[in-house]
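Presented below is the structure to which this report refers.
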Amino acid sequence: MSAFGSDKKRVLLQGNEAIVEGAIAAGCRFFAGYPITPASEISERMSRRLPQLDGTFIQMEDEIAGMGAVIGASLAGVKSMTATSGPGFSLMQENLGFACMAEVPCVVVNVMRGGPSTGLPTNPSQGDVMQARWGTHGDHPVIVLAVSTVLDCFQITVEAFNMSEKYRVPVVILSDEIVAHTREVVTLPSVGEFEAYNRVSPKMPPEWYIPYADNSMGVPPMAAFGEGYHHHVTGLMHDVRGFPTQRPDEIEALVGRLFRKITQGFHEIQKVETFMMDDAEVAVIAYGSVSRSARRAVLDARRQGLKAGLLKLITLFPFPRHSVEEALQKCRVALVPEMNMGQISREVKRVNQTVSIVKKYNRVDGQLITPQEIYQQLIKI
Amino acid sequence: MEKKDDRYEICFCGSGGQGIITAAVILAEAAGVYDMKFVCQTQSYGPESRGGACKSEVVISAGEIDYPKILQPDILLAMNQSCCDLYFLNLKPKGLLVVDATMVTQIPTPRAVAVPFTKIARNEIGKEVAANIVALGAVVQLCQIVSVGNLEKALLARAPKGTADVNLQALHAGMEAAKQYDLNTLPHVVMEEEE
C-alpha cells in the first residue's frame, strides 16, 4: 500500500479500517492497545500501517497500559490513539482521567458491544454513552463523538484528532459493532483536502516556559518531552508550573480553565447533521448506526404524509444543546431511538424543559433498531 | 430528495469456516469498487470462528444506502440446512432461494435453485474450500447484479497468491451449474398465499 491518499481510489473498507486511515491522515503515528472484539481490526490494521510510515504500534499487556502508553507518546509529541470495546474502556478510565487532568491530547475509540461486563462481544450496543462522558472520576471536560458510516469513521476520526490537539483534551470516538463491521465503498480524500491541526508548541525560550499558564483560548502551548522544555506532569491538582498544589485559588483557576476551554470552543465542537428538518413536525434524534435506520424511517414516514426529519448527532458531549433545542422548538414531538435503556434521551429531556414532547425507543437485545420499528413509532405519534 | 429506492439485497448464510463472509466481501467489492455502485456489506457471527452460524448481507444500490442491513433479501444463499430454515421466511415474495444441495436436503420452497456447490468444489475443482466461490458464481449468474469481468477482478484482488486459477475455475463452475436453471420455469413466488 502506498503512503496515504496519493492515489484517489475507490476502496471497500470496514468502519474500523476507515478509522485507522482517518487517524493516519490526521497524523497519528502511535498506537498502543489490546485487541478486543469488535475493535480488533483497528489494532490489526494499525500494526500493518504504522510501521510503513515510521510510526509505532505496540500491543500492551492490557488496556490500562495501552492508555498509559498513549499518554506517554503524546507527551513526547506524537499524535496517539488507542481502540477498544466496553470491557477495555472500563479499564482505561483511570488513565483517561490523567489525560484530562494533565491535558494530554489523545483519541480513544470505543467500539460499543453489549454490556455490562463482557456482555455480548459480537453484537452492537450504545450502552457506553454516559460512560464516555462520566466514566472517569471527578469533574472533567471531555469530547465524545459518534460515527455512523464508513465515511464518518474516516472524517470524524480526523476531527477527533484536530479537536484533541486544539483543546488538549482526550476525545472519545463512540462506534458500535454495526458501524465497525459494515463495509462500504469510500473514496478517501487526499492530503490537503482536509485540515490536520497540530498542537501549539511553545515559542519562548525554555526558561520562560510556564507549562500550564492561562491564555485567551484557555489552552497552554504544549512542549514535547526531549525538546529542552523541562516541565512536570502530574495527575494531582497543579499550579501553572505543573507542580502539585492545594491552594484553593490555584485549584479553582485550573478546573475553571479546563472547562472554559471546551465552553469557549462549543460552537466549533458541536457537530450535527440534519435531514429533512426544514419543515419537520416530528424529529428523530439519533446517532451511530441507529441514525441510518432513522434516516430510512424518516423517508418512509414522509411517503405517508408525516413531516418527519432527522437530527443526527455527531458530537454527543459536550451535549449539542443548541441544535437539539432548535429541533425541539420546531417539532411537536422528538423521538430518540437508542440501543440502550435511554441515555441520550435523558439529555434531550434535560434540555427540552417541556418545550416539546420527548419519546424514547429502546432496544437492548443486541440487535440494530430497524427502520420499520422507528417508522412504527413515528406513525403512532 | 433521494432517487427511487432500488436496493438489491443478497443474504449469504451458512456455517463459520465456509467462506460466507469472504464471498460477500468479493461481491461487495465487485459491485462497489469496480461496478461503481453503492454497497453495504454487513455480517453477523457468533464468538466461535468455525462451526457457528454465520450470515453476511450485501445491499447494492444506485443511490446512497441508509439502512446498512437487508430488509428482505432478493436472493438468499443458504450453505447449510439450519440457516436455510432460519432465514428463508424472510425472503421477498418474488425472491429466490439458492442452496448448496450437498448440505441442504429439505428445500422449503419450490422457488429454489439447488446446486451441490461443495460437491462441485470437491470433485471438479479438487478443493472443498472453494465451495463459497462456486456458490458466488452461481448467485451472480442468477441475479446478474454485477458484470462477470468485474466479479473476476474483485475475486483476483482478494485471492491469496497462487490460487487465482483455482478460484476462477470455481467461479465459472458455479456459473455453469446455475445456467442449467431457467428461472422462468420456477414458481413466481416463494410461498403461495393460503386461501
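Within each chain, counting starts at residue 1; across the C-alpha cells, chains are named A, B, ... in the order shown, with ligands numbered 1 upward in that order.
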Would you pick out the contacts of B:Asp100 at 8 Å or less, using only C-alpha atoms, so that residues sharing its chain but fewer than 5 positions from it are not included, and give the list as a list of chain:residue names?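 Non-adjacent residues within range: B:Leu77, B:Ala78, B:Met79, B:Asn80, B:Ala114, B:Val115, B:Pro116, B:Phe117, B:Thr118, B:Ala135.
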Going by DSSP on the backbone, which residues of chain B come out as strand (DSSP E)? List them as a count of residues only. 38
Minimum-distance residue to B:Ser56, chosen among A:Asp239, A:Ala213, A:Val351, A:His181 (using only C-alpha atoms): A:His181
Please identify all polymer residues within 10 Å of B:Ile21, counting only C-alpha atoms, omitting same-chain residues fewer than 5 positions from it, and present them as a VMD selection string. chain B and resid 12 to 14 16 26 to 27 41 to 45 54 to 58 132
Selection to disk with C-alpha atoms, as a short mmCIF file (atom, residue, chain, number, x, y, z; two decimals), in the first residue's frame:
data_model
loop_
_atom_site.label_atom_id
_atom_site.label_comp_id
_atom_site.auth_asym_id
_atom_site.auth_seq_id
_atom_site.Cartn_x
_atom_site.Cartn_y
_atom_site.Cartn_z
CA PHE B 12 -25.31 -15.31 2.38
CA CYS B 13 -25.60 -17.74 5.26
CA GLY B 14 -24.02 -20.95 6.46
CA GLY B 16 -18.42 -20.30 10.10
CA ILE B 26 -15.91 -10.17 -3.02
CA LEU B 27 -19.41 -9.44 -4.31
CA GLN B 41 -21.78 -5.36 3.40
CA THR B 42 -22.51 -6.41 6.95
CA GLN B 43 -22.03 -9.62 8.85
CA SER B 44 -23.20 -11.28 11.97
CA TYR B 45 -21.48 -14.14 13.65
CA CYS B 54 -22.67 -17.14 10.12
CA LYS B 55 -24.52 -14.63 7.98
CA SER B 56 -23.36 -11.89 5.72
CA GLU B 57 -25.52 -9.38 3.91
CA VAL B 58 -24.86 -7.26 0.84
CA ASN B 132 -18.06 -20.45 -1.46
#
Quick one: everything within 12 Å of stretch 189-197 of chain A, counting only C-alpha atoms, minus sequence neighbours fewer than 4 positions away in the same chain. Send it as a ChimeraX atom specification. /A:3-11,18,21-28,79,105,151,154-168
Using 8 Å as the limit and counting only C-alpha atoms, can you tabulate each residue of chain A that touches chain B, with its shortest atom-to-atom distance in Å and the two atoms involved, as JSON lines?
{"residue": "A:Arg10", "atom": "CA", "partner": "B:Val33", "partner_atom": "CA", "distance": 5.6}
{"residue": "A:Val11", "atom": "CA", "partner": "B:Val33", "partner_atom": "CA", "distance": 6.1}
{"residue": "A:Leu12", "atom": "CA", "partner": "B:Glu29", "partner_atom": "CA", "distance": 6.1}
{"residue": "A:Pro121", "atom": "CA", "partner": "B:Pro47", "partner_atom": "CA", "distance": 7.3}
{"residue": "A:Thr122", "atom": "CA", "partner": "B:Gly46", "partner_atom": "CA", "distance": 6.3}
{"residue": "A:Asn123", "atom": "CA", "partner": "B:Ser44", "partner_atom": "CA", "distance": 7.8}
{"residue": "A:Ile178", "atom": "CA", "partner": "B:Thr42", "partner_atom": "CA", "distance": 7.4}
{"residue": "A:His181", "atom": "CA", "partner": "B:Thr42", "partner_atom": "CA", "distance": 6.2}
{"residue": "A:Thr182", "atom": "CA", "partner": "B:Thr42", "partner_atom": "CA", "distance": 4.6}
{"residue": "A:Arg183", "atom": "CA", "partner": "B:Gln41", "partner_atom": "CA", "distance": 4.9}
{"residue": "A:Glu184", "atom": "CA", "partner": "B:Cys40", "partner_atom": "CA", "distance": 4.9}
{"residue": "A:Val185", "atom": "CA", "partner": "B:Gly32", "partner_atom": "CA", "distance": 5.8}
{"residue": "A:Arg292", "atom": "CA", "partner": "B:Asp66", "partner_atom": "CA", "distance": 5.0}
{"residue": "A:Ser293", "atom": "CA", "partner": "B:Tyr67", "partner_atom": "CA", "distance": 4.9}
{"residue": "A:Arg295", "atom": "CA", "partner": "B:Asp66", "partner_atom": "CA", "distance": 6.3}
{"residue": "A:Arg296", "atom": "CA", "partner": "B:Asp66", "partner_atom": "CA", "distance": 6.0}
{"residue": "A:Thr370", "atom": "CA", "partner": "B:Tyr67", "partner_atom": "CA", "distance": 7.9}
{"residue": "A:Pro371", "atom": "CA", "partner": "B:Tyr67", "partner_atom": "CA", "distance": 7.2}
Export, as a PDB file, in the first residue's frame, the selected residues with C-alpha atoms.
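This went into selection_37.pdb:
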ATOM      1  CA  ARG A  10     -12.429   3.764  -4.513  1.00  0.00           C
ATOM      2  CA  VAL A  11     -11.876   1.264  -1.748  1.00  0.00           C
ATOM      3  CA  LEU A  12     -14.110  -1.118   0.146  1.00  0.00           C
ATOM      4  CA  PRO A 121     -18.923  -9.470  22.291  1.00  0.00           C
ATOM      5  CA  THR A 122     -20.167  -9.773  18.714  1.00  0.00           C
ATOM      6  CA  ASN A 123     -23.328  -7.672  18.893  1.00  0.00           C
ATOM      7  CA  ILE A 178     -22.543  -2.437  13.157  1.00  0.00           C
ATOM      8  CA  HIS A 181     -18.001  -4.177  10.636  1.00  0.00           C
ATOM      9  CA  THR A 182     -20.016  -2.609   7.828  1.00  0.00           C
ATOM     10  CA  ARG A 183     -18.029  -2.415   4.629  1.00  0.00           C
ATOM     11  CA  GLU A 184     -18.771   0.441   2.244  1.00  0.00           C
ATOM     12  CA  VAL A 185     -17.014   1.911  -0.730  1.00  0.00           C
ATOM     13  CA  ARG A 292     -29.028   5.152   9.472  1.00  0.00           C
ATOM     14  CA  SER A 293     -32.208   3.286  10.322  1.00  0.00           C
ATOM     15  CA  ARG A 295     -32.966   8.199   8.042  1.00  0.00           C
ATOM     16  CA  ARG A 296     -34.850   5.496   6.224  1.00  0.00           C
ATOM     17  CA  THR A 370     -34.702  -1.394  12.250  1.00  0.00           C
ATOM     18  CA  PRO A 371     -36.230   1.356  10.090  1.00  0.00           C
TER      19      PRO A 371
END
I'd like the contact shell of B:Leu171 - 7 Å cut-off, only C-alpha atoms, skipping same-chain residues fewer than 2 positions apart - returned as a count of residues only. 10
When you draw a straight line from atom CA of A:Ile210 to atom CA of A:Gly242, how long is it in Å? 8.3 Å
In Å, rounded to a single decimal, give me how far atom CA of B:Ile60 is from atom CA of B:Asn184.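 Atom CA of B:Asn184 sits 23.6 Å away from atom CA of B:Ile60.
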All residues 12 Å or closer to A:Arg45, only C-alpha atoms, same chain fewer than 6 positions away omitted, as a PyMOL selection string: chain A and resi 1+13-24+31+35+39+51-52+57+83
If we count only C-alpha atoms, what is near B:Asp74 at a cut-off of 8 Å, once residues fewer than 3 positions away on the same chain are taken out, given as a tab-separated table (two decimals) with N, CA and C atoms, in the first residue's frame?
chain	number	residue	atom	x	y	z
B	8	TYR	N	-30.93	-3.72	-3.93
B	8	TYR	CA	-30.94	-5.15	-4.24
B	8	TYR	C	-30.21	-5.83	-3.10
B	9	GLU	N	-30.88	-6.78	-2.49
B	9	GLU	CA	-30.35	-7.34	-1.24
B	9	GLU	C	-30.04	-8.83	-1.37
B	10	ILE	N	-28.84	-9.18	-0.98
B	10	ILE	CA	-28.42	-10.58	-1.05
B	10	ILE	C	-27.94	-11.02	0.33
B	91	LEU	N	-37.40	-14.10	2.94
B	91	LEU	CA	-37.23	-13.79	1.52
B	91	LEU	C	-38.36	-12.92	0.99
B	92	LYS	N	-38.03	-12.07	0.02
B	92	LYS	CA	-39.07	-11.31	-0.68
B	92	LYS	C	-40.01	-12.29	-1.34
B	94	LYS	N	-41.09	-12.48	-4.23
B	94	LYS	CA	-40.56	-12.92	-5.52
B	94	LYS	C	-39.05	-13.14	-5.47
B	95	GLY	N	-38.55	-13.33	-4.28
B	95	GLY	CA	-37.11	-13.58	-4.11
B	95	GLY	C	-36.74	-14.98	-4.58
B	96	LEU	N	-35.48	-15.30	-4.43
B	96	LEU	CA	-35.01	-16.60	-4.91
B	96	LEU	C	-34.13	-17.24	-3.84
Would you work out the distance separating atom CA of B:Gln18 from atom CA of B:Val99, expressed in Å to one decimal?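 Spanning atom CA of B:Gln18 to atom CA of B:Val99 is a straight-line distance of 13.3 Å.
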Among the residues of stretch 9-231 of chain A, find those DSSP assigns to helix (DSSP H, G or I) from the backbone and print them as number ranges by chain. A: 15-26, 40-52, 63-75, 86-102, 129-134, 150-167, 177-181, 206-208
Next, write the just-selected residues to a file, as a PDB file, in the first residue's frame, keeping C-alpha atoms as the atom set.
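That gives us again-v4.pdb:
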ATOM      1  CA  GLY A  15     -15.679   1.182   9.614  1.00  0.00           C
ATOM      2  CA  ASN A  16     -12.795   0.004  11.769  1.00  0.00           C
ATOM      3  CA  GLU A  17     -10.378   0.192   8.846  1.00  0.00           C
ATOM      4  CA  ALA A  18     -11.585   3.680   7.925  1.00  0.00           C
ATOM      5  CA  ILE A  19     -10.876   4.833  11.486  1.00  0.00           C
ATOM      6  CA  VAL A  20      -7.272   3.737  11.002  1.00  0.00           C
ATOM      7  CA  GLU A  21      -6.986   5.600   7.710  1.00  0.00           C
ATOM      8  CA  GLY A  22      -8.561   8.690   9.269  1.00  0.00           C
ATOM      9  CA  ALA A  23      -6.140   8.570  12.174  1.00  0.00           C
ATOM     10  CA  ILE A  24      -3.155   8.202   9.886  1.00  0.00           C
ATOM     11  CA  ALA A  25      -4.394  11.038   7.694  1.00  0.00           C
ATOM     12  CA  ALA A  26      -4.708  13.221  10.775  1.00  0.00           C
ATOM     13  CA  SER A  40      -9.668  -5.744  16.851  1.00  0.00           C
ATOM     14  CA  GLU A  41      -9.493  -4.728  13.184  1.00  0.00           C
ATOM     15  CA  ILE A  42      -8.288  -1.294  14.297  1.00  0.00           C
ATOM     16  CA  SER A  43      -5.269  -2.831  16.060  1.00  0.00           C
ATOM     17  CA  GLU A  44      -4.731  -5.221  13.190  1.00  0.00           C
ATOM     18  CA  ARG A  45      -4.619  -2.554  10.500  1.00  0.00           C
ATOM     19  CA  MET A  46      -2.605  -0.184  12.677  1.00  0.00           C
ATOM     20  CA  SER A  47       0.005  -2.916  13.167  1.00  0.00           C
ATOM     21  CA  ARG A  48       0.445  -3.063   9.393  1.00  0.00           C
ATOM     22  CA  ARG A  49       0.077   0.631   8.530  1.00  0.00           C
ATOM     23  CA  LEU A  50       2.122   2.382  11.196  1.00  0.00           C
ATOM     24  CA  PRO A  51       5.454   0.622  10.542  1.00  0.00           C
ATOM     25  CA  GLN A  52       5.132   1.626   6.864  1.00  0.00           C
ATOM     26  CA  GLU A  63      -5.909  -1.687  28.238  1.00  0.00           C
ATOM     27  CA  ILE A  64      -4.707   0.196  31.331  1.00  0.00           C
ATOM     28  CA  ALA A  65      -1.171   0.008  29.999  1.00  0.00           C
ATOM     29  CA  GLY A  66      -2.368   0.769  26.481  1.00  0.00           C
ATOM     30  CA  MET A  67      -3.861   4.051  27.612  1.00  0.00           C
ATOM     31  CA  GLY A  68      -0.726   4.790  29.641  1.00  0.00           C
ATOM     32  CA  ALA A  69       1.491   4.290  26.602  1.00  0.00           C
ATOM     33  CA  VAL A  70      -0.744   6.535  24.526  1.00  0.00           C
ATOM     34  CA  ILE A  71      -0.389   9.323  27.093  1.00  0.00           C
ATOM     35  CA  GLY A  72       3.380   8.870  27.174  1.00  0.00           C
ATOM     36  CA  ALA A  73       3.685   9.001  23.401  1.00  0.00           C
ATOM     37  CA  SER A  74       1.534  12.096  23.205  1.00  0.00           C
ATOM     38  CA  LEU A  75       3.627  13.844  25.855  1.00  0.00           C
ATOM     39  CA  GLY A  86     -16.608  -1.788  26.646  1.00  0.00           C
ATOM     40  CA  PRO A  87     -14.547  -4.033  28.968  1.00  0.00           C
ATOM     41  CA  GLY A  88     -11.293  -2.399  27.863  1.00  0.00           C
ATOM     42  CA  PHE A  89     -12.829   1.056  28.013  1.00  0.00           C
ATOM     43  CA  SER A  90     -13.668   0.432  31.659  1.00  0.00           C
ATOM     44  CA  LEU A  91     -10.007  -0.360  32.336  1.00  0.00           C
ATOM     45  CA  MET A  92      -8.869   2.793  30.554  1.00  0.00           C
ATOM     46  CA  GLN A  93     -10.888   5.145  32.721  1.00  0.00           C
ATOM     47  CA  GLU A  94      -8.184   5.818  35.295  1.00  0.00           C
ATOM     48  CA  ASN A  95      -5.610   6.907  32.753  1.00  0.00           C
ATOM     49  CA  LEU A  96      -8.243   8.721  30.734  1.00  0.00           C
ATOM     50  CA  GLY A  97      -8.727  10.921  33.789  1.00  0.00           C
ATOM     51  CA  PHE A  98      -4.982  11.517  33.905  1.00  0.00           C
ATOM     52  CA  ALA A  99      -5.124  12.688  30.279  1.00  0.00           C
ATOM     53  CA  CYS A 100      -7.975  15.087  31.158  1.00  0.00           C
ATOM     54  CA  MET A 101      -6.087  16.473  34.145  1.00  0.00           C
ATOM     55  CA  ALA A 102      -2.671  16.757  32.522  1.00  0.00           C
ATOM     56  CA  VAL A 129     -22.609   6.786  26.072  1.00  0.00           C
ATOM     57  CA  MET A 130     -22.709   8.033  29.637  1.00  0.00           C
ATOM     58  CA  GLN A 131     -19.541   6.118  30.497  1.00  0.00           C
ATOM     59  CA  ALA A 132     -17.752   8.012  27.748  1.00  0.00           C
ATOM     60  CA  ARG A 133     -18.855  11.251  29.390  1.00  0.00           C
ATOM     61  CA  TRP A 134     -18.531  10.372  33.058  1.00  0.00           C
ATOM     62  CA  VAL A 150     -17.635   4.291   6.932  1.00  0.00           C
ATOM     63  CA  LEU A 151     -17.002   7.772   5.561  1.00  0.00           C
ATOM     64  CA  ASP A 152     -17.832   9.165   9.022  1.00  0.00           C
ATOM     65  CA  CYS A 153     -15.260   6.841  10.503  1.00  0.00           C
ATOM     66  CA  PHE A 154     -12.618   8.499   8.362  1.00  0.00           C
ATOM     67  CA  GLN A 155     -13.784  12.101   8.667  1.00  0.00           C
ATOM     68  CA  ILE A 156     -14.788  12.102  12.321  1.00  0.00           C
ATOM     69  CA  THR A 157     -11.503  10.477  13.307  1.00  0.00           C
ATOM     70  CA  VAL A 158      -9.673  13.340  11.607  1.00  0.00           C
ATOM     71  CA  GLU A 159     -11.962  15.738  13.508  1.00  0.00           C
ATOM     72  CA  ALA A 160     -11.297  13.909  16.746  1.00  0.00           C
ATOM     73  CA  PHE A 161      -7.541  14.362  16.391  1.00  0.00           C
ATOM     74  CA  ASN A 162      -7.989  18.004  15.450  1.00  0.00           C
ATOM     75  CA  MET A 163     -10.165  18.696  18.470  1.00  0.00           C
ATOM     76  CA  SER A 164      -7.868  16.845  20.830  1.00  0.00           C
ATOM     77  CA  GLU A 165      -4.847  18.758  19.552  1.00  0.00           C
ATOM     78  CA  LYS A 166      -6.629  22.087  19.578  1.00  0.00           C
ATOM     79  CA  TYR A 167      -8.106  21.800  23.061  1.00  0.00           C
ATOM     80  CA  GLU A 177     -20.348  -3.238  16.172  1.00  0.00           C
ATOM     81  CA  ILE A 178     -22.543  -2.437  13.157  1.00  0.00           C
ATOM     82  CA  VAL A 179     -20.567   0.635  12.105  1.00  0.00           C
ATOM     83  CA  ALA A 180     -17.303  -1.158  12.821  1.00  0.00           C
ATOM     84  CA  HIS A 181     -18.001  -4.177  10.636  1.00  0.00           C
ATOM     85  CA  PRO A 206      12.717  27.108  27.634  1.00  0.00           C
ATOM     86  CA  GLU A 207      13.478  29.098  30.769  1.00  0.00           C
ATOM     87  CA  TRP A 208      10.439  31.319  30.157  1.00  0.00           C
TER      88      TRP A 208
END
Considering only C-alpha atoms, can you say which of A:Glu61, A:Glu268, A:Glu325, A:Asp128 comes closest to A:Asn352?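 Distance minimum relative to A:Asn352 lands on A:Glu325.
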